[in-house]
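Heads up: the structure comes next, in structure tokens.
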Amino acid sequence: MELTADQWIVAGVVASALVLFISEKLSIDLVALMIAATLAVTGVISPSEAVAGFSDAATLTVAFMFVLSAALMKTGALSTVGPRLSERFRRHEALGLIVFMALVGSVSAFINNTPIVAVFIPIAVQMAQSANMHPGKLLIPLSFGTIFGGTVTLIGTSTNIVVSGLSAKLGAGEIGMFDLAPMGAVLLVAGILYMVLVGRHLLPGKKDQKDLKEKFGMGGYLTEIELLPGARFVGKRIMDSSLVRELDMDIIEIIRDGQRFALPPGDMVLEAGDLLKVRCAVEKIRALKDRANISVKPTVQLAGDDLRTRGTLLMELVITASSPLDGKTLGEADLIRTYRAVPLAVRHREDVVHERLQDTVLRSGDVVLAEVKRHFVKNLKELERTPDAPFAILGEQEGVAEFDRNRFVVVAAVILGVVAVSSMTRVPVMVASLVGVIIIALTRCLSMKEFYEAIEWKVIFLMAGAFSLGAAMHNSGLDTRIADKLVSSLGQWGPVAVISGLYMATSLLTELMSNTACAALVTPIAIGMADRMDASPTPFVMAVCFAASACFMTPIGYQTNAMVYTAGQYRYIDFIKVGLPLHLLFWALATWLIPVFYPF
């Protein structure tokens with residue numbers, strides 16, 4: 001039977017969305033809005049259905065959970081665990097890894113995993129250094145541990161809430177707070193045991209002994225030049241000097257008559273005899289020095305005490321998943337003016353960028369090597385603890401966030417109250433979390449400004465657009481058509497085979513695109529498969545929940561994987577080596593146990 005006009009439109013929108021999601025040419029939230037607009041303009045869904053996702057209980061629940069997560073992070077409670085775990089890792093690496101992953105997994109069951117990973121990246125690096133381990137031994141386990149934990153409860157990840165919301169809209173019922181727990185707990189334990197017994201041996205093993213300068217290959221790019229009498233740059237302000245423009249350089253420090261001017265302002269006038277420490281390709285300086293009356297000095301030593309005597313230090317700044325810098329060029333980010341940090345290099349995935357830094361587009365997980373004035377480091381660390389922190393400080397971090405015990409008691413009580421009320425009474429989780437965030441605001445655990453900044457609006461817009469796609473799939477009947485095809489292909493082997501195929505297809509799709517978008521695309525099809533087989537929709541919906549979060553083989557399918565990719569100095573193949581056996585293990589467990597825990 002031929003597809004109807006509406007089904008062709010929805011199929012075209014789905015195909016286009018998949019291409020855009022996978023290619024990352026456009027932001028995923030923009031793609032979601034384009035989906036809603038296209039479906040509304042073509043008449044597949046009504047205008048009210050196109051924007052209904054913004055007021056949906058699931059969308060609001062996710063927004064409120066971001067606020068609760070930010071409140072917990074602000075207490076500094078999680079930052080206190082690093083020193084305690086370091087000693088355990090030194091004594092017994094396997095046991096330390098079990099405790100570490102169990103901790104992040106348990107917290108992730110109730111708190112959004114993205115801020116957890118942002119907080120724990122520098123902690124994990126410090127623990128690795130203290131235990132004389134490679135950071136890569138801990139960062140993939142950190143990301144995977146939060147993914148495991150997110151499958152235990154309804155609020156563990158926005159993916160579960162999206163599936164629950166769509167399931168309720170399509171008549172299959174909501175997911176309860178702990179409905180996922182039996183299977184989720186099995187996956188959490190199995191995942192930790194796999195990482196301890198197998199996975200950790202497949203991760204990068206050699207401890208990185210390089211300092212930050214060597215790690216970023218900066219030897220040929222940081223140097224000193226002296227302005228000789230008669231140089232045409234003398235007497236001009238830095239901002240007006242062709243020296244900066246011609247050499248594409250950043251002036252990090254000026255030494256004049258024994259005085260040091262770290263990160264000099266753009267209106268500082270250059271004088272003869274000035275010794276400039278600059279970031280620039282040495283070849284460009286040498287090509288210019290004869291006609292420019294400048295003298296090239298030996299490469300500057302940028303490690304240890306030398307930096308400290310200059311009043312600056314090197315820091316590694318990891319761009320977070322919710323960072324306002326994500327998608328901007330370094331020039332647009334203007335780190336020097338905004339954060340008093342001079343960018344020296346950017347580590348993007350497996351590549352290190354030194355030249356034309358101002359044109360380098362920053363992405364989540366990128367690590368920026370920057371030189372920062374020492375007196376401004378405290379400001380950066382305070383900024384790091386805010387809900388909308390632009391980066392996590394990976395290297396040269398001194399100390400941990402101060403633990404606010406009183407605030408922690410309030411926030412922990414609120415989170416436990418939300419969980420208890422929504423699981424033990426008829427109060428919806430959205431209402432319980434709404435009351436929770438009101439208490440957070442009234443007790444001033446977060447200001448209203450921090451309240452709004454805590455919400456990852458990209459996820460909210462993505463969810464709203466995803467709900468419109470789910471409605472279009474159902475309205476057009478395309479979900480039923482696809483479900484019929486899948487059931488007719490797999491149904492002859494029984495419902496377990498159908499669940500197994502649904503899990504595998506969803507988990508492969510989530511490796512390539514946003515897990516939230518994947519869940520929204522597959523949920524209507526899964527419910528259609530249950531209707532086609534005249535079976536309970538619960539096992540099908542659960543399969544989508546678990547599979548949409550099972551992103552282990554690529555660093556791009558899940559935000560936390562992208563965040564640890566560069567910080568852990570991984571290669572793409574590292575995720576495949578560790579993730580493929582884990583993917584197959586979870587598939588086998590899901591095929592076996594989902595029908596047991598959630599009968600047809």
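Within each chain, counting starts at residue 1; across the structure tokens, chains are named A, B, ... in the order shown, with ligands numbered 1 upward in that order.
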- Task: Give me the residues within 8 Å of A:Ala118 as an NGL selection string, counting only C-alpha atoms and dropping any in the same chain fewer than 2 places off.
- Result: :A and (114-116 or 120-122 or 320 or 392 or 563)
- Shell around A:Ser158 at 12 Å using only C-alpha atoms, local window under 2 positions removed, as an MDAnalysis selection string: chainID A and resid 58:66 108:114 147 150:151 153:156 160:165 456 459:460 462:463 514:520 545 548:549 558
- Task: Please give the complete set of residues from stretch 447-596 of chain A that DSSP, run on the backbone, assigns to helix (DSSP H, G or I), formatted as a ChimeraX atom specification.
- Result: /A:448-454,457-476,478-493,495-510,515-532,538-549,559-567,572-596
- Task: Tell me which protein, DNA and RNA residues are within 12 Å of A:Asp574, counting only C-alpha atoms, leaving out same-chain ones fewer than 4 positions away, and put them as an MDAnalysis selection string.
- Result: chainID A and resid 136:137 139:140 199:205 350 552:555 561 564:566 568:570 578:580
Do a neighbour search on A:Val234 at 8 Å with only C-alpha atoms, toss out local chain neighbours closer than 2 positions, and write the hits as an mmCIF file with N, CA and C atoms, in the first residue's frame.
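Printed below is around-v7.cif as written:
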```
data_model
loop_
_atom_site.group_PDB
_atom_site.id
_atom_site.type_symbol
_atom_site.label_atom_id
_atom_site.label_comp_id
_atom_site.auth_asym_id
_atom_site.auth_seq_id
_atom_site.Cartn_x
_atom_site.Cartn_y
_atom_site.Cartn_z
ATOM 1 N N LEU A 227 61.948 44.399 21.107
ATOM 2 C CA LEU A 227 61.806 45.507 20.166
ATOM 3 C C LEU A 227 63.075 46.358 20.209
ATOM 4 N N PRO A 229 65.653 49.582 18.974
ATOM 5 C CA PRO A 229 65.429 50.989 18.593
ATOM 6 C C PRO A 229 65.193 51.103 17.083
ATOM 7 N N GLY A 230 64.230 51.889 16.694
ATOM 8 C CA GLY A 230 63.917 52.061 15.285
ATOM 9 C C GLY A 230 62.841 51.134 14.774
ATOM 10 N N ALA A 231 62.408 50.212 15.602
ATOM 11 C CA ALA A 231 61.328 49.319 15.171
ATOM 12 C C ALA A 231 60.065 50.132 14.918
ATOM 13 N N ARG A 232 59.364 49.821 13.818
ATOM 14 C CA ARG A 232 58.213 50.645 13.447
ATOM 15 C C ARG A 232 57.018 50.429 14.363
ATOM 16 N N LYS A 236 53.532 52.894 19.362
ATOM 17 C CA LYS A 236 52.142 52.616 19.016
ATOM 18 C C LYS A 236 51.489 51.742 20.090
ATOM 19 N N VAL A 269 51.223 51.338 25.293
ATOM 20 C CA VAL A 269 52.105 51.792 24.213
ATOM 21 C C VAL A 269 53.425 51.018 24.264
ATOM 22 N N LEU A 270 53.836 50.505 23.123
ATOM 23 C CA LEU A 270 55.088 49.757 23.032
ATOM 24 C C LEU A 270 56.285 50.716 23.016
ATOM 25 N N GLU A 271 57.380 50.294 23.659
ATOM 26 C CA GLU A 271 58.581 51.126 23.723
ATOM 27 C C GLU A 271 59.795 50.315 23.285
ATOM 28 N N ALA A 272 60.835 51.031 22.841
ATOM 29 C CA ALA A 272 62.087 50.368 22.464
ATOM 30 C C ALA A 272 62.671 49.666 23.679
#
```
- Message: Residues of stretch 309-524 of chain A classed as strand (DSSP E) by DSSP on the backbone are to be reported as a PyMOL selection string.
- Response: chain A and resi 312-319+341-348+351-353+367-373+391-395
- Which residue, A:Leu18, A:Tyr194, A:Thr480, A:Ala530, has the smallest gap to A:Leu97 when you use only C-alpha atoms?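 Smallest distance to A:Leu97 is found for A:Tyr194.
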- From A:Met133, A:Ala172, A:Lys74, A:Thr510, residue lying nearest A:His92 [only C-alpha atoms]: A:Met133
